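File shown: final03.cif (mmCIF, C-alpha atoms).
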```cif
data_query
loop_
_atom_site.label_atom_id
_atom_site.label_comp_id
_atom_site.auth_asym_id
_atom_site.auth_seq_id
_atom_site.Cartn_x
_atom_site.Cartn_y
_atom_site.Cartn_z
CA MET A 18 -5.72 -21.14 1.57
CA LEU A 19 -5.65 -22.35 -2.03
CA ALA A 20 -9.43 -22.19 -2.10
CA LEU A 21 -9.15 -18.55 -1.05
CA MET A 22 -7.03 -17.80 -4.12
CA MET A 23 -9.24 -19.72 -6.54
CA ALA A 24 -12.36 -17.94 -5.32
CA MET A 25 -11.26 -14.57 -6.68
CA ARG A 26 -12.91 -13.38 -9.88
CA ALA A 27 -12.09 -10.92 -12.65
CA MET A 28 -13.42 -7.39 -12.23
CA MET A 29 -14.59 -4.55 -14.44
CA ALA A 30 -12.02 -2.45 -16.29
CA ILE A 31 -12.81 1.12 -15.29
CA SER A 32 -9.50 2.91 -15.39
CA ILE A 33 -7.77 5.69 -13.53
CA TYR A 34 -4.01 6.08 -13.66
CA PHE A 35 -1.37 8.16 -11.94
CA ALA A 36 1.65 8.42 -14.23
CA THR A 37 4.89 10.33 -14.11
CA HIS A 38 5.71 13.09 -16.56
CA HIS A 39 9.33 12.57 -17.63
CA ARG A 40 11.32 13.17 -20.80
CA HIS A 41 11.85 9.41 -21.15
CA HIS A 42 8.21 8.55 -20.43
CA ALA A 43 5.55 7.86 -23.03
CA THR A 44 3.33 10.55 -21.50
CA THR A 45 5.49 13.33 -22.94
CA ASN A 46 3.46 13.25 -26.18
CA ILE A 47 0.09 13.30 -24.48
CA ARG A 48 -2.21 16.28 -24.84
CA TYR A 49 -3.63 17.09 -21.43
CA ASN A 50 -7.33 17.77 -21.01
CA LYS A 51 -6.81 19.62 -17.71
CA THR A 52 -3.79 20.92 -15.79
CA VAL A 53 -3.27 21.51 -12.08
CA SER A 54 -0.55 24.02 -11.23
CA LYS A 55 0.37 26.48 -8.52
CA THR A 56 1.66 29.02 -11.05
CA ASP A 57 0.52 28.38 -14.63
CA PRO A 58 -2.12 30.85 -15.87
CA GLY A 59 -5.43 29.19 -16.61
CA ALA A 60 -4.61 26.05 -14.67
CA TYR A 61 -6.62 24.70 -11.77
CA ARG A 62 -5.01 25.46 -8.44
CA THR A 63 -6.05 22.25 -6.65
CA VAL A 64 -6.47 18.63 -7.67
CA GLY A 65 -10.03 18.66 -6.35
CA GLU A 66 -11.00 21.59 -8.59
CA ALA A 67 -9.74 19.75 -11.67
CA LEU A 68 -11.50 16.52 -10.77
CA ALA A 69 -14.77 18.39 -10.24
CA VAL A 70 -14.95 19.21 -13.97
CA VAL A 71 -13.92 15.79 -15.30
CA PRO A 72 -16.84 14.23 -17.23
CA ILE A 73 -18.29 11.18 -15.52
CA ASN A 74 -18.39 7.72 -17.08
CA GLN A 75 -15.80 8.61 -19.71
CA ALA A 76 -15.46 6.26 -22.68
CA GLN A 77 -12.13 7.78 -23.80
CA MET A 78 -9.03 8.48 -21.75
CA PHE A 79 -9.12 11.86 -19.99
CA TYR A 80 -5.70 13.25 -19.04
CA VAL A 81 -5.08 15.51 -16.04
CA HIS A 82 -1.54 16.80 -15.47
CA ILE A 83 -0.53 17.71 -11.91
CA SER A 84 2.49 19.99 -12.00
CA ALA A 85 5.24 20.13 -9.41
CA GLY A 86 4.13 21.52 -6.06
CA VAL A 87 2.71 20.70 -2.65
CA TYR A 88 -1.08 20.36 -2.68
CA VAL A 89 -2.63 20.53 0.78
CA GLU A 90 -5.98 18.87 0.25
CA ARG A 91 -7.93 15.67 0.69
CA VAL A 92 -8.49 14.11 -2.72
CA LEU A 93 -11.63 12.04 -3.27
CA ILE A 94 -11.86 10.23 -6.60
CA LEU A 95 -15.35 8.82 -7.12
CA GLU A 96 -16.10 5.57 -8.93
CA ASN A 97 -17.91 7.28 -11.84
CA LEU A 98 -14.73 9.09 -12.96
CA THR A 99 -13.77 6.39 -15.43
CA ASN A 100 -10.81 6.15 -17.81
CA MET A 101 -8.99 9.07 -16.26
CA VAL A 102 -5.21 9.43 -16.21
CA LEU A 103 -3.54 11.61 -13.57
CA ILE A 104 0.01 12.45 -14.67
CA VAL A 105 2.36 13.91 -12.07
CA ASP A 106 5.89 15.27 -12.31
CA GLY A 107 7.41 12.81 -9.81
CA ALA A 108 7.33 11.83 -6.15
CA ASP A 109 10.13 14.23 -5.29
CA VAL A 110 8.39 17.32 -6.68
CA THR A 111 4.63 16.59 -6.73
CA LYS A 112 3.20 16.00 -3.26
CA VAL A 113 -0.29 15.75 -1.81
CA THR A 114 -0.82 16.17 1.92
CA MET A 115 -3.60 16.74 4.42
CA ASN A 116 -3.77 17.26 8.17
CA ARG A 117 -6.83 15.15 9.03
CA HIS A 118 -6.41 12.94 12.06
CA ALA A 119 -8.07 11.61 15.18
CA PRO A 120 -9.61 12.76 17.41
CA GLU A 121 -10.89 15.57 15.16
CA PHE A 122 -11.71 13.05 12.40
CA PRO A 123 -12.48 9.33 12.69
CA THR A 124 -9.63 7.14 11.47
CA PHE A 125 -11.58 6.02 8.40
CA GLN A 126 -12.27 9.62 7.33
CA SER A 127 -8.73 10.91 7.64
CA GLY A 128 -7.17 9.58 4.43
CA THR A 129 -5.37 12.05 2.16
CA LEU A 130 -6.43 10.05 -0.89
CA SER A 131 -9.69 8.12 -0.54
CA ASP A 132 -12.53 6.24 -2.22
CA LEU A 133 -10.77 5.27 -5.44
CA PRO A 134 -12.51 3.80 -8.51
CA VAL A 135 -12.39 0.26 -9.80
CA LEU A 136 -8.98 0.20 -11.51
CA VAL A 137 -6.39 2.66 -10.24
CA SER A 138 -2.69 3.00 -10.98
CA LEU A 139 -0.69 5.46 -8.92
CA GLN A 140 2.82 6.19 -10.17
CA ASN A 141 5.61 8.38 -8.81
CA LEU A 142 3.34 10.20 -6.40
CA SER A 143 4.32 11.40 -2.94
CA LEU A 144 1.68 11.47 -0.22
CA PHE A 145 2.48 12.59 3.28
CA GLU A 146 0.75 13.40 6.56
CA ILE A 147 1.25 16.41 8.82
CA LEU A 148 1.72 15.32 12.42
CA SER A 149 0.64 18.02 14.84
CA GLY A 150 0.77 16.27 18.19
CA GLN A 151 2.14 13.14 19.79
CA ASP A 152 -1.31 12.02 20.97
CA LEU A 153 -2.84 12.09 17.49
CA ARG A 154 -3.37 9.14 15.18
CA PRO A 155 -2.80 10.29 11.59
CA LEU A 156 -3.96 8.19 8.68
CA LEU A 157 -2.14 8.90 5.47
CA LEU A 158 -3.65 6.83 2.71
CA SER A 159 -7.10 5.30 2.81
CA PHE A 160 -8.43 2.86 0.22
CA ARG A 161 -12.07 2.28 1.12
CA PRO A 162 -13.80 1.16 -2.09
CA LYS A 163 -17.54 0.63 -2.22
CA TYR A 164 -16.94 -2.17 -4.72
CA VAL A 165 -14.10 -4.65 -5.26
CA HIS A 166 -11.39 -2.47 -6.76
CA LEU A 167 -8.11 -3.14 -8.51
CA GLN A 168 -5.29 -0.82 -7.53
CA MET A 169 -1.67 -0.56 -8.70
CA HIS A 170 0.89 1.65 -6.96
CA TYR A 171 4.31 2.13 -8.54
CA LYS A 172 7.26 4.12 -7.17
CA CYS A 173 5.06 6.00 -4.71
CA THR A 174 6.13 7.41 -1.35
CA PHE A 175 3.79 7.25 1.65
CA LEU A 176 5.00 9.27 4.64
CA GLY A 177 2.87 8.70 7.72
CA PHE A 178 3.03 7.85 11.40
CA GLN A 179 0.41 5.57 12.98
CA ASP A 180 -1.95 3.85 10.50
CA THR A 181 -0.13 5.10 7.41
CA LEU A 182 -1.76 2.92 4.78
CA TYR A 183 -5.27 1.51 5.12
CA ALA A 184 -6.08 -1.09 2.47
CA LYS A 185 -9.61 -1.99 3.47
CA ALA A 186 -10.81 -4.01 0.48
CA GLY A 187 -10.14 -4.89 -3.13
CA LYS A 188 -6.92 -6.09 -4.75
CA HIS A 189 -3.69 -4.07 -4.59
CA LEU A 190 -0.17 -4.35 -5.95
CA PHE A 191 2.49 -2.05 -4.48
CA ARG A 192 5.72 -2.07 -6.49
CA LYS A 193 8.92 -0.21 -5.56
CA CYS A 194 7.16 1.96 -3.00
CA ASP A 195 8.55 3.55 0.17
CA ILE A 196 6.16 3.39 3.13
CA TYR A 197 6.95 5.12 6.44
CA GLY A 198 5.16 4.73 9.77
CA THR A 199 5.17 3.61 13.40
CA ILE A 200 2.25 1.52 14.70
CA ALA A 201 0.15 -0.38 12.16
CA VAL A 202 2.13 1.02 9.25
CA ILE A 203 0.04 -1.10 6.86
CA PHE A 204 -3.37 -2.37 7.94
CA GLY A 205 -6.68 -3.50 6.51
CA GLU A 206 -8.59 -6.40 5.03
CA ALA A 207 -7.69 -6.21 1.32
CA ILE A 208 -5.78 -8.66 -0.84
CA ALA A 209 -2.49 -6.79 -1.23
CA VAL A 210 0.96 -7.70 -2.55
CA PHE A 211 4.00 -5.53 -1.76
CA GLN A 212 6.91 -6.18 -4.14
CA THR A 213 10.38 -4.64 -3.84
CA CYS A 214 9.12 -2.08 -1.36
CA ASN A 215 10.85 -0.45 1.61
CA ILE A 216 8.79 -0.34 4.78
CA PHE A 217 10.51 2.14 7.09
CA ALA A 218 9.99 2.42 10.83
CA ARG A 219 9.94 5.96 12.17
CA ALA A 220 10.85 6.83 15.77
CA SER A 221 8.51 5.06 18.21
CA ASN A 222 8.92 3.00 21.37
CA VAL A 223 7.19 0.05 19.73
CA ILE A 224 6.62 -0.60 16.04
CA TYR A 225 4.16 -2.91 14.30
CA PHE A 226 4.64 -3.04 10.55
CA ILE A 227 1.63 -5.18 9.59
CA VAL A 228 -1.86 -5.42 11.08
CA GLN A 229 -3.95 -7.62 8.81
CA GLY A 230 -7.68 -7.86 9.43
CA ARG A 231 -9.09 -10.93 7.74
CA ARG A 232 -12.29 -11.66 9.71
CA ASN A 233 -13.49 -14.92 8.12
CA LEU A 234 -12.82 -17.27 5.22
CA SER A 235 -13.47 -14.59 2.60
CA PRO A 236 -10.45 -13.70 0.42
CA SER A 237 -8.08 -11.43 2.33
CA ALA A 238 -4.28 -11.48 2.71
CA PHE A 239 -1.14 -9.32 2.75
CA VAL A 240 1.91 -10.67 0.88
CA PHE A 241 5.36 -9.03 1.16
CA GLN A 242 7.94 -10.13 -1.41
CA ASN A 243 11.55 -9.09 -1.96
CA SER A 244 11.54 -5.94 0.11
CA SER A 245 12.83 -4.70 3.45
CA PHE A 246 11.61 -3.99 6.96
CA THR A 247 14.08 -1.49 8.35
CA VAL A 248 14.46 1.87 10.11
CA ALA A 249 13.93 5.19 8.40
CA PRO A 250 17.04 7.09 7.31
CA GLY A 251 18.41 9.30 10.05
CA ILE A 252 17.40 7.20 13.06
CA GLU A 253 19.85 4.32 12.55
CA PRO A 254 22.02 5.48 15.52
CA HIS A 255 18.98 4.99 17.78
CA ILE A 256 17.95 1.60 16.48
CA SER A 257 18.64 -0.09 19.83
CA GLU A 258 16.00 2.12 21.48
CA TYR A 259 13.13 0.64 19.47
CA VAL A 260 11.30 -2.68 19.64
CA ALA A 261 9.76 -3.75 16.35
CA TYR A 262 7.51 -6.63 15.32
CA LEU A 263 6.59 -7.75 11.84
CA GLY A 264 3.01 -7.44 12.97
CA ARG A 265 0.11 -8.71 14.98
CA PRO A 266 -3.30 -10.16 14.05
CA TRP A 267 -6.21 -7.73 13.95
CA PHE A 268 -8.87 -10.43 13.59
CA ALA A 269 -9.06 -14.20 13.95
CA TYR A 270 -8.27 -15.19 10.34
CA SER A 271 -5.45 -12.68 9.83
CA THR A 272 -3.32 -13.81 6.85
CA VAL A 273 0.21 -12.53 6.19
CA VAL A 274 3.01 -13.91 4.02
CA VAL A 275 6.56 -12.54 4.34
CA MET A 276 8.84 -14.01 1.68
CA GLU A 277 12.15 -13.29 0.04
CA ARG A 278 12.59 -10.15 2.12
CA PHE A 279 15.24 -8.42 4.24
CA LEU A 280 14.53 -8.40 8.00
CA ASP A 281 16.64 -5.94 9.99
CA SER A 282 18.20 -6.57 13.42
CA PHE A 283 15.84 -4.37 15.41
CA ILE A 284 12.92 -6.73 14.74
CA SER A 285 12.21 -8.77 17.85
CA PRO A 286 13.25 -12.46 17.52
CA PRO A 287 9.65 -13.69 18.11
CA GLY A 288 8.79 -11.71 14.98
CA TRP A 289 5.09 -11.40 15.76
CA GLU A 290 3.14 -10.31 18.81
CA ILE A 291 -0.28 -11.25 20.06
CA TRP A 292 -3.01 -8.61 20.24
CA PRO A 293 -4.56 -8.99 23.71
CA GLY A 294 -7.93 -10.63 23.42
CA LYS A 295 -7.45 -11.68 19.79
CA PRO A 296 -7.36 -15.42 18.98
CA THR A 297 -4.42 -16.90 17.08
CA ASP A 298 -5.58 -20.44 16.32
CA LYS A 299 -7.15 -19.62 12.92
CA LEU A 300 -4.58 -17.19 11.50
CA THR A 301 -2.20 -17.97 8.62
CA TYR A 302 1.31 -16.49 8.95
CA VAL A 303 4.01 -17.76 6.56
CA GLU A 304 7.70 -16.90 6.13
CA TYR A 305 9.73 -18.11 3.16
CA LYS A 306 13.42 -17.69 2.33
CA ASN A 307 13.92 -14.33 3.99
CA ARG A 308 17.34 -12.81 4.59
CA GLY A 309 18.97 -10.46 7.06
CA PRO A 310 19.72 -10.50 10.81
CA ARG A 311 16.16 -11.47 11.80
CA ALA A 312 15.48 -14.03 9.09
CA ASP A 313 16.16 -16.84 11.59
CA THR A 314 12.73 -18.28 12.49
CA SER A 315 13.87 -20.58 15.31
CA HIS A 316 12.65 -18.11 17.96
CA ARG A 317 9.31 -17.22 16.36
CA LEU A 318 6.09 -17.50 18.37
CA ASN A 319 4.68 -21.01 18.46
CA TRP A 320 1.29 -20.30 16.94
CA THR A 321 -0.80 -23.03 15.35
CA GLY A 322 -1.15 -21.07 12.12
CA TYR A 323 2.49 -20.01 11.80
CA ARG A 324 4.73 -21.74 9.25
CA ALA A 325 8.32 -21.25 8.09
CA LEU A 326 8.32 -22.92 4.67
CA GLU A 327 11.04 -23.94 2.23
CA ASP A 328 8.89 -25.63 -0.39
CA ALA A 329 8.48 -23.45 -3.49
CA THR A 330 5.48 -25.45 -4.64
CA ALA A 331 3.57 -24.57 -1.47
CA MET A 332 4.39 -20.89 -1.94
CA LYS A 333 3.09 -20.50 -5.48
CA GLN A 334 -0.41 -19.81 -4.19
CA PHE A 335 0.91 -16.55 -2.69
CA THR A 336 2.46 -15.19 -5.90
CA VAL A 337 1.00 -12.33 -7.92
CA GLN A 338 -0.03 -14.77 -10.62
CA GLU A 339 -2.28 -16.65 -8.21
CA ILE A 340 -3.34 -14.30 -5.45
CA LEU A 341 -4.19 -11.40 -7.78
CA HIS A 342 -6.13 -13.58 -10.22
CA ARG A 343 -3.47 -14.16 -12.86
CA GLU A 344 -2.68 -10.47 -13.02
CA SER A 345 -4.20 -9.63 -16.44
CA TRP A 346 -5.45 -6.34 -15.00
CA ILE A 347 -1.91 -5.42 -13.91
CA ARG A 348 -0.53 -5.87 -17.41
CA ARG A 349 -2.92 -3.19 -18.64
CA THR A 350 -1.03 -0.57 -16.62
CA GLY A 351 2.30 -1.31 -18.33
CA ILE A 352 4.08 -1.38 -14.98
CA PRO A 353 6.80 -4.04 -14.39
CA TYR A 354 6.25 -6.66 -11.70
CA THR A 355 7.35 -10.13 -10.63
CA VAL A 356 4.90 -12.85 -11.63
CA GLY A 357 6.15 -15.72 -9.47
CA LEU A 358 8.79 -16.56 -6.90
CA ILE A 359 12.33 -15.19 -7.03
CA TYR A 360 13.94 -18.04 -5.09
CA VAL A 361 12.81 -21.58 -5.89
#
```

Give the structure from the file, written as structure tokens.
Amino acid sequence: MLALMMAMRAMMAISIYFATHHRHHATTNIRYNKTVSKTDPGAYRTVGEALAVVPINQAQMFYVHISAGVYVERVLILENLTNMVLIVDGADVTKVTMNRHAPEFPTFQSGTLSDLPVLVSLQNLSLFEILSGQDLRPLLLSFRPKYVHLQMHYKCTFLGFQDTLYAKAGKHLFRKCDIYGTIAVIFGEAIAVFQTCNIFARASNVIYFIVQGRRNLSPSAFVFQNSSFTVAPGIEPHISEYVAYLGRPWFAYSTVVVMERFLDSFISPPGWEIWPGKPTDKLTYVEYKNRGPRADTSHRLNWTGYRALEDATAMKQFTVQEILHRESWIRRTGIPYTVGLIYV
């Protein structure tokens, strides 16, 4: 696993940012190049319309302000829109949504926000999916880069059902985000770290939080640090009706680390569940110093690749500093994050 971390290399620094517009935020003195608004005269009415007129391959920062409102559209941000900053008014007032789901659309074409450029920072943005039938499989957020991308997500809200967040490739850091879903809440093959996030289970007979899809020895892993796996607000009285698992392996080399997190009582004691027909002898699943009613690992599945560790030295390879290539690209966004372990 250490070789996996050391194999990662630094990437290009093409920048796109989502930032919040707030009276205490540095963006209050920025002069916007374009504005998206439902009401302001002269503003673009959709995010897509504004992005269509952004110059490609920008050398200087280009600022787009997205005013409060609900924008029903699928936003595609292409890789040649460089050095662009998208500034929104906050996750509670600026929301982007789209009703694209299977079977009308393939899973990988149903993302509300898709095909992001090389370096992306999303901040204080709310994305949510419209569910229009119990037999549908909505996909809320799709990251499907053509190249290895670097993506930072800070204080964002992702409201989905099945397959909420698809992190297919690249490197991601999610910090202080709320992610809602049912089956395969978070899935994909990227290298992704989730710090101080809340992963909420919505009403469903069975819940799988994590479905990681590492196929071979290429770099790929999901790391969850100092956050919680729990039920969504409002369904706590029905918690006994649901069966939840931390996750299950999508492919043979599936790699997941759950450390320094809160595990709620509705998570099944085995913690993980096999995917019928999927091997488990090559996977890497690690738990480290978790807390909560289901932090006890004595009843976990007895898989060859499963480990409950207490050694801080062995866990350093899974920290942001190591797994995201010493995080120099994260510092550029100015967003706070935890470099190493919390509990040593």

Exercise for review: Carefully work through the PyMOL selection byres ((chain A and resi 241) around 6) for this structure and note down the residues it includes, as a list in words.
Suggested key: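 Output from the PyMOL selection byres ((chain A and resi 241) around 6), applied to this file: Val210, Phe211, Val240, Gln242 and Val275 of chain A.
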
Review point. Evaluating the PyMOL selection byres ((chain A and resi 57-72) around 8) on the displayed file yields which residues, as a ChimeraX atom specification?
Key: /A:51-56,73-75,79,81,83,88,90-94,98

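If you look at CA of Val87 (chain A) and CA of Leu103 (chain A), they are 15.5 Å away from each other.
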
Practice item. Evaluate the PyMOL selection byres ((chain A and resi 305) around 9) and record the selected residues as a ChimeraX atom specification, following the chain and residue labels used in the document. Key: /A:274-278,303-304,306-307,324-329,332

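If you look at CA of Val356 (chain A) and CA of Thr181 (chain A), they are 26.6 Å away from each other.
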
Practice item. For CA of Ala238 (chain A) and CA of Tyr360 (chain A), quote the distance in Å rounded to one decimal. Key: 20.9 Å

Check your understanding: From the set A:Ala220, A:Leu300, A:Val273, A:Ile252, which residue has the shortest atom-to-atom contact distance to Gly205 (chain A), counting only C-alpha atoms?
Key ->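 Of the candidates, the smallest distance to Gly205 (chain A) is held by A:Val273.
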
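Near Pro310 (chain A), within a cut-off of 9 Å and counting all atoms listed in the file, sit the residues A:Phe279, A:Leu280, A:Asp281, A:Ser282, A:Phe283, A:Ile284, with same-chain residues fewer than 6 positions away left out.
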
Practice item. Counting all atoms listed in the file, find the residues whose atoms lie at most 8 Å from (-2.9, -12.9, -5.2) (file coordinates) and write them out as a list in words. Key: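 Nearby residues: Met22, Lys188, Ile208, Ala209, Val210, Gln334, Phe335, Thr336, Val337, Gln338, Glu339, Ile340, Leu341, His342 and Arg343 of chain A.
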
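Shortest atom-to-atom contact with Gln212 (chain A) among A:Arg317, A:Lys172, A:Arg192, A:Arg308: A:Arg192, counting all atoms listed in the file.
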
Pull region 335-355 of chain A out of the block and emit N, CA and C atoms, as an mmCIF file, in the first residue's frame.
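Writing the result to decode32.cif gives the following:
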```cif
data_model
loop_
_atom_site.group_PDB
_atom_site.id
_atom_site.type_symbol
_atom_site.label_atom_id
_atom_site.label_comp_id
_atom_site.auth_asym_id
_atom_site.auth_seq_id
_atom_site.Cartn_x
_atom_site.Cartn_y
_atom_site.Cartn_z
ATOM 1 N N PHE A 335 -1.999 6.764 5.086
ATOM 2 C CA PHE A 335 -3.359 7.078 4.664
ATOM 3 C C PHE A 335 -3.753 8.530 4.963
ATOM 4 N N THR A 336 -2.830 9.334 5.452
ATOM 5 C CA THR A 336 -3.139 10.725 5.768
ATOM 6 C C THR A 336 -3.110 11.572 4.496
ATOM 7 N N VAL A 337 -3.705 12.763 4.589
ATOM 8 C CA VAL A 337 -3.707 13.681 3.453
ATOM 9 C C VAL A 337 -2.292 13.959 2.965
ATOM 10 N N GLN A 338 -1.382 14.135 3.901
ATOM 11 C CA GLN A 338 -0.010 14.460 3.540
ATOM 12 C C GLN A 338 0.606 13.418 2.624
ATOM 13 N N GLU A 339 0.254 12.163 2.814
ATOM 14 C CA GLU A 339 0.842 11.086 2.027
ATOM 15 C C GLU A 339 -0.018 10.689 0.838
ATOM 16 N N ILE A 340 -1.279 10.439 1.078
ATOM 17 C CA ILE A 340 -2.121 9.857 0.034
ATOM 18 C C ILE A 340 -2.474 10.864 -1.061
ATOM 19 N N LEU A 341 -2.469 12.169 -0.719
ATOM 20 C CA LEU A 341 -2.757 13.201 -1.714
ATOM 21 C C LEU A 341 -1.485 13.940 -2.126
ATOM 22 N N HIS A 342 -0.384 13.263 -2.080
ATOM 23 C CA HIS A 342 0.907 13.739 -2.574
ATOM 24 C C HIS A 342 1.343 15.030 -1.891
ATOM 25 N N ARG A 343 1.392 14.980 -0.590
ATOM 26 C CA ARG A 343 1.924 16.072 0.243
ATOM 27 C C ARG A 343 1.169 17.384 0.067
ATOM 28 N N GLU A 344 -0.006 17.288 -0.437
ATOM 29 C CA GLU A 344 -1.072 18.299 -0.383
ATOM 30 C C GLU A 344 -0.710 19.721 -0.796
ATOM 31 N N SER A 345 0.366 19.957 -1.533
ATOM 32 C CA SER A 345 0.699 21.327 -1.933
ATOM 33 C C SER A 345 -0.408 21.953 -2.767
ATOM 34 N N TRP A 346 -1.097 21.146 -3.563
ATOM 35 C CA TRP A 346 -2.184 21.676 -4.387
ATOM 36 C C TRP A 346 -3.374 22.096 -3.532
ATOM 37 N N ILE A 347 -3.564 21.466 -2.365
ATOM 38 C CA ILE A 347 -4.682 21.844 -1.493
ATOM 39 C C ILE A 347 -4.426 23.208 -0.870
ATOM 40 N N ARG A 348 -3.190 23.462 -0.499
ATOM 41 C CA ARG A 348 -2.856 24.742 0.130
ATOM 42 C C ARG A 348 -3.186 25.916 -0.787
ATOM 43 N N ARG A 349 -3.125 25.709 -2.073
ATOM 44 C CA ARG A 349 -3.423 26.791 -3.015
ATOM 45 C C ARG A 349 -4.856 27.274 -2.887
ATOM 46 N N THR A 350 -5.768 26.418 -2.442
ATOM 47 C CA THR A 350 -7.170 26.819 -2.344
ATOM 48 C C THR A 350 -7.455 27.660 -1.117
ATOM 49 N N GLY A 351 -6.557 27.640 -0.116
ATOM 50 C CA GLY A 351 -6.775 28.397 1.109
ATOM 51 C C GLY A 351 -7.786 27.776 2.047
ATOM 52 N N ILE A 352 -8.170 26.542 1.808
ATOM 53 C CA ILE A 352 -9.177 25.869 2.619
ATOM 54 C C ILE A 352 -8.494 25.086 3.746
ATOM 55 N N PRO A 353 -9.017 25.154 4.980
ATOM 56 C CA PRO A 353 -8.392 24.419 6.092
ATOM 57 C C PRO A 353 -8.579 22.913 5.946
ATOM 58 N N TYR A 354 -7.613 22.163 6.456
ATOM 59 C CA TYR A 354 -7.695 20.707 6.411
ATOM 60 C C TYR A 354 -6.730 20.130 7.437
ATOM 61 N N THR A 355 -6.890 18.847 7.729
ATOM 62 C CA THR A 355 -6.015 18.156 8.666
ATOM 63 C C THR A 355 -4.929 17.424 7.893
#
```
